[in-house]
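**Q** Coordinates in upload_9.csv, CSV, C-alpha atoms, are listed below.
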chain,number,residue,atom,x,y,z
A,1259,MET,CA,30.8,62.5,44.0
A,1260,ASP,CA,31.4,66.2,44.0
A,1261,ALA,CA,33.1,68.4,46.6
A,1262,SER,CA,29.9,69.9,48.1
A,1263,SER,CA,28.5,69.5,51.6
A,1264,GLU,CA,26.0,67.0,50.3
A,1265,PHE,CA,28.8,64.4,50.3
A,1266,GLN,CA,30.7,65.6,53.4
A,1267,ASP,CA,30.0,62.4,55.3
A,1268,SER,CA,32.2,60.5,52.9
A,1269,LEU,CA,35.2,62.6,54.0
A,1270,PRO,CA,37.6,61.6,56.8
A,1271,VAL,CA,36.5,64.8,58.6
A,1272,SER,CA,33.2,66.3,57.6
A,1273,SER,CA,32.8,70.0,57.2
A,1274,ASP,CA,30.3,70.0,60.0
A,1275,ALA,CA,32.8,68.2,62.3
A,1276,LEU,CA,35.5,70.7,61.4
A,1277,LEU,CA,33.2,73.7,62.1
A,1278,ALA,CA,32.2,72.1,65.4
A,1279,GLN,CA,35.9,71.6,66.3
A,1280,LEU,CA,36.7,75.3,65.4
A,1281,GLU,CA,33.9,76.3,67.8
A,1282,ALA,CA,35.1,73.9,70.5
A,1283,TRP,CA,38.6,75.5,70.3
A,1284,GLY,CA,37.0,79.0,70.6
A,1285,LEU,CA,38.0,80.0,67.0
A,1286,ASP,CA,35.7,82.5,65.5
A,1287,TYR,CA,34.5,82.4,61.9
A,1288,ALA,CA,31.7,83.6,59.7
A,1289,LEU,CA,30.2,80.9,57.5
A,1290,HIS,CA,28.9,81.7,54.0
A,1291,GLU,CA,26.9,79.1,52.0
A,1292,HIS,CA,26.8,79.4,48.2
A,1293,VAL,CA,26.8,77.4,45.0
A,1294,PRO,CA,29.7,75.0,44.6
A,1295,LEU,CA,32.9,76.8,43.6
A,1296,ARG,CA,35.6,74.9,41.7
A,1297,THR,CA,37.9,77.7,40.4
A,1298,VAL,CA,39.1,81.2,41.4
A,1299,GLU,CA,36.8,82.6,38.7
A,1300,ASP,CA,33.8,80.8,40.3
A,1301,ALA,CA,34.8,82.2,43.7
A,1302,LYS,CA,35.0,85.8,42.3
A,1303,SER,CA,31.3,85.5,41.3
A,1304,VAL,CA,30.2,85.2,44.9
A,1305,GLU,CA,32.8,87.3,46.7
A,1306,ALA,CA,30.8,90.5,46.7
A,1307,ALA,CA,28.2,88.9,49.0
A,1308,MET,CA,30.9,88.2,51.5
A,1309,GLU,CA,32.7,91.5,51.3
A,1310,VAL,CA,33.3,93.6,54.4
A,1311,ALA,CA,34.0,97.3,53.7
A,1312,GLY,CA,37.5,98.3,54.5
A,1313,GLU,CA,38.6,94.8,55.5
A,1314,ARG,CA,42.1,93.6,54.4
A,1315,ALA,CA,41.0,90.2,53.1
A,1316,PHE,CA,43.1,87.4,51.8
A,1317,ARG,CA,41.3,85.2,49.3
A,1318,VAL,CA,43.1,82.0,48.4
A,1319,LYS,CA,43.8,79.5,45.7
A,1320,ASN,CA,45.3,76.2,46.8
A,1321,LEU,CA,47.5,73.8,45.0
A,1322,TYR,CA,47.9,70.1,45.9
A,1323,LEU,CA,51.3,69.1,44.4
A,1324,ARG,CA,53.7,66.1,44.4
A,1325,ASP,CA,57.3,65.8,43.5
A,1326,LYS,CA,59.1,62.9,41.8
A,1327,LYS,CA,59.9,61.4,45.2
A,1328,LYS,CA,56.1,61.2,45.9
A,1329,ARG,CA,56.2,63.9,48.6
A,1330,ASN,CA,53.0,65.9,49.0
A,1331,TYR,CA,52.7,69.6,49.2
A,1332,LEU,CA,49.8,72.0,49.9
A,1333,VAL,CA,50.5,75.5,48.7
A,1334,THR,CA,48.1,78.3,49.6
A,1335,LEU,CA,48.5,81.5,47.5
A,1336,GLU,CA,46.7,84.8,47.1
A,1337,GLN,CA,44.0,84.0,44.5
A,1338,ASP,CA,45.3,86.3,41.8
A,1339,ARG,CA,49.0,85.3,42.1
A,1340,GLU,CA,50.6,84.0,39.0
A,1341,ILE,CA,52.7,80.9,39.7
A,1342,ASP,CA,55.4,79.1,37.7
A,1343,LEU,CA,55.5,75.5,38.9
A,1344,LYS,CA,59.1,75.0,37.8
A,1345,ALA,CA,60.2,78.1,39.8
A,1346,LEU,CA,58.1,77.1,42.7
A,1347,GLY,CA,59.6,73.6,42.8
A,1348,ALA,CA,63.1,75.1,42.9
A,1349,GLN,CA,62.1,77.5,45.7
A,1350,LEU,CA,60.6,74.6,47.7
A,1351,GLY,CA,63.7,72.5,47.0
A,1352,ALA,CA,61.4,69.9,45.5
A,1353,GLY,CA,62.5,69.8,41.9
A,1354,ASN,CA,59.7,69.3,39.3
A,1355,LEU,CA,56.2,69.5,40.8
A,1356,SER,CA,53.0,68.2,39.3
A,1357,PHE,CA,49.4,68.3,40.5
A,1358,GLY,CA,48.4,65.3,42.6
A,1359,SER,CA,45.5,63.1,41.5
A,1360,ALA,CA,42.0,63.3,43.0
A,1361,ASP,CA,42.5,59.9,44.7
A,1362,ARG,CA,45.8,61.1,46.4
A,1363,LEU,CA,44.1,64.4,47.3
A,1364,LEU,CA,41.4,62.6,49.2
A,1365,GLU,CA,43.9,60.2,50.7
A,1366,ASN,CA,46.4,62.9,51.9
A,1367,LEU,CA,44.2,65.9,52.6
A,1368,GLY,CA,40.7,64.4,53.0
A,1369,VAL,CA,39.1,66.7,50.4
A,1370,ARG,CA,38.0,66.5,46.8
A,1371,PRO,CA,39.1,68.7,43.8
A,1372,GLY,CA,37.5,72.1,44.2
A,1373,ALA,CA,37.6,72.1,48.0
A,1374,VAL,CA,41.3,72.2,48.7
A,1375,THR,CA,42.0,74.5,51.7
A,1376,PRO,CA,44.5,75.3,54.4
A,1377,LEU,CA,42.0,73.8,56.8
A,1378,ALA,CA,42.6,70.4,55.1
A,1379,MET,CA,45.8,70.2,57.1
A,1380,ILE,CA,43.6,68.8,59.8
A,1381,ASN,CA,44.1,65.6,57.7
A,1382,GLY,CA,47.3,66.4,56.0
A,1383,ALA,CA,49.4,66.9,59.1
A,1384,GLU,CA,49.3,63.2,60.0
A,1385,LYS,CA,50.0,62.3,56.4
A,1386,GLY,CA,53.2,64.3,56.2
A,1387,VAL,CA,52.0,66.9,53.8
A,1388,ARG,CA,54.3,69.9,53.7
A,1389,PHE,CA,52.3,73.2,53.9
A,1390,PHE,CA,53.5,76.4,52.3
A,1391,MET,CA,51.6,79.7,52.5
A,1392,ASP,CA,52.0,83.0,50.7
A,1393,ALA,CA,53.7,85.3,53.1
A,1394,ASP,CA,51.3,88.1,52.0
A,1395,VAL,CA,48.7,86.5,54.3
A,1396,GLN,CA,50.5,88.1,57.2
A,1397,SER,CA,49.4,91.6,56.2
A,1398,ALA,CA,45.7,90.6,56.0
A,1399,GLU,CA,43.0,90.7,58.7
A,1400,ARG,CA,40.9,87.9,57.5
A,1401,ILE,CA,41.3,84.9,55.3
A,1402,TYR,CA,38.5,83.3,53.2
A,1403,MET,CA,38.7,79.6,52.5
A,1404,HIS,CA,36.6,76.4,52.2
A,1405,PRO,CA,35.8,74.3,55.2
A,1406,LEU,CA,36.6,71.0,53.4
A,1407,VAL,CA,33.7,71.4,51.0
A,1408,ASN,CA,33.2,73.8,48.1
A,1409,ASP,CA,29.7,75.1,48.7
A,1410,ARG,CA,30.8,76.9,51.9
A,1411,THR,CA,33.4,79.5,52.7
A,1412,VAL,CA,34.6,80.5,56.1
A,1413,ALA,CA,36.0,84.0,56.9
A,1414,MET,CA,38.4,83.8,59.8
A,1415,SER,CA,40.9,86.1,61.3
A,1416,VAL,CA,44.5,85.3,60.4
A,1417,ALA,CA,45.2,85.1,64.1
A,1418,ASP,CA,42.5,82.4,64.5
A,1419,LEU,CA,43.9,80.5,61.5
A,1420,TRP,CA,47.3,80.5,63.2
A,1421,ALA,CA,45.7,79.2,66.4
A,1422,PHE,CA,44.1,76.4,64.4
A,1423,PHE,CA,47.5,75.4,63.0
A,1424,GLU,CA,48.9,75.4,66.5
A,1425,ARG,CA,46.1,73.1,67.7
A,1426,ILE,CA,46.9,70.6,64.9
A,1427,ASP,CA,50.6,71.0,65.3
A,1428,VAL,CA,51.3,72.5,61.8
A,1429,SER,CA,53.8,75.2,61.1
A,1430,PRO,CA,53.1,76.8,57.7
A,1431,GLU,CA,56.3,77.5,55.8
A,1432,MET,CA,56.1,81.1,54.5
A,1433,LEU,CA,56.7,81.7,50.8
A,1434,GLU,CA,58.1,85.1,49.8
A,1435,LEU,CA,57.0,85.5,46.2
A,1436,GLY,CA,57.6,89.1,45.6
Can you dump the structure from the file as structure tokens?

**A**
Amino acid sequence: MDASSEFQDSLPVSSDALLAQLEAWGLDYALHEHVPLRTVEDAKSVEAAMEVAGERAFRVKNLYLRDKKKRNYLVTLEQDREIDLKALGAQLGAGNLSFGSADRLLENLGVRPGAVTPLAMINGAEKGVRFFMDADVQSAERIYMHPLVNDRTVAMSVADLWAFFERIDVSPEMLELG
């Protein structure tokens, strides 16, 4: 199975159910449908179609990581940010980090590789996943991210994303990365 909306009904929370929940909570978003995107490079190929002139956009890359104590982390960064996993592990107080397996990703965040997103914390919160976000998001107006599948992107105001986190009782830990 891939990470597209074709298989969303096999996820703990489907993309459609997430979008309905956002609407029920009064959180505004713009939905963009596109070919499945697995990498930042793939995403860059469709970004022009979503661009809003003059907007301070925050486009993301997401890392699902584990430490030697089997603790799980979701780290959301600006898409072009270079990251050193060893330095990141030290900054998080986690020691050595490695990427989590596809099975653990589905178990802990309810998504498949290629669809990792801050919105997956709707599943990750109850699984004890620690969530870290690039502090640069605070200077953006809108954030672009997958709604649990990789053939859709939602554009949401950063304020509405914070309201989403409040609804699911998640407090992102800000990463100052310089």

**Q** Would you mind reading off the distance between atom CA of Ala1288 of chain A and atom CA of Asp1394 of chain A, one decimal, in Å?

**A**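 Rounded to one decimal, the two atoms are 21.5 Å apart.
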
**Q** Between A:Asn1366, A:Asn1330, A:Ser1356, A:Asn1320, which is the closest to Met1391 of chain A once you count all atoms listed in the file?

**A** A:Asn1320

**Q** So which one's closest to Met1432 of chain A, A:Met1414, A:Ala1306, A:Val1407, A:Leu1332? Using all atoms listed in the file, please.

**A**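 Residue with the minimum atom-to-atom distance to Met1432 of chain A: A:Leu1332.
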
**Q** Using only C-alpha atoms, which residue out of A:Leu1276, A:Leu1321, A:Ala1261, A:Leu1367 lies closest to Val1293 of chain A?

**A**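 For Val1293 of chain A, the nearest of the given residues is A:Ala1261.
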
**Q** Give me, as a list of chain:residue names, all polymer residues having an atom no more than 12 Å from His1290 of chain A, counting only C-alpha atoms and skipping those fewer than 4 positions away in the same chain.

**A**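 That gives A:Pro1294, A:Ala1301, A:Val1304, A:Glu1305, A:Ala1306, A:Ala1307, A:Met1308, A:Glu1309, A:Tyr1402, A:Met1403, A:His1404, A:Pro1405, A:Val1407, A:Asn1408, A:Asp1409, A:Arg1410, A:Thr1411, A:Val1412, A:Ala1413, A:Met1414.
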
**Q** When distances are computed from only C-alpha atoms, which of A:Leu1419, A:Ala1282, A:Gly1372, A:Val1333 shows the smallest separation from Leu1295 of chain A?

**A** A:Gly1372

**Q** Give the answer as one residue: which of A:Ser1262, A:Thr1297, A:Ser1268, A:Ser1429 has the shortest atom-to-atom distance to Met1379 of chain A, using only C-alpha atoms?

**A** A:Ser1429

**Q** Nearest to Leu1277 of chain A: which of A:Ile1380, A:Ala1373, A:Ile1341, A:Ala1393 is it, counting only C-alpha atoms?

**A**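 Nearest candidate to Leu1277 of chain A out of A:Ile1380, A:Ala1373, A:Ile1341, A:Ala1393: A:Ile1380.
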
**Q** Which protein, DNA or RNA residues are at most 6 Å from (51.7, 66.6, 59.5) in the file's coordinates when you count all atoms listed in the file, listed as a list in words?

**A** Gly1382, Ala1383, Glu1384, Lys1385, Gly1386 and Val1387 of chain A

**Q** What is the atom CA of Phe1390 of chain A to atom CA of Ala1360 of chain A distance in Å?

**A** 19.8 Å

**Q** Write out as an MDAnalysis selection string the residues lying within 12 Å of Phe1422 of chain A, counting all atoms listed in the file and excluding same-chain residues fewer than 2 positions away.

**A** chainID A and resid 1276:1277 1279:1287 1376:1380 1414:1420 1424:1430

**Q** Report the distance between atom CA of Phe1423 of chain A and atom CA of Ser1397 of chain A in Å, rounded to one decimal place.

**A**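 Between atom CA of Phe1423 of chain A and atom CA of Ser1397 of chain A the gap works out to 17.7 Å.
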
**Q** What's around Glu1313 of chain A at 9 Å? Count all atoms listed in the file, leave out sequence neighbours fewer than 6 positions away in its own chain, and write the answer as a ChimeraX atom specification.

**A** /A:1398-1400
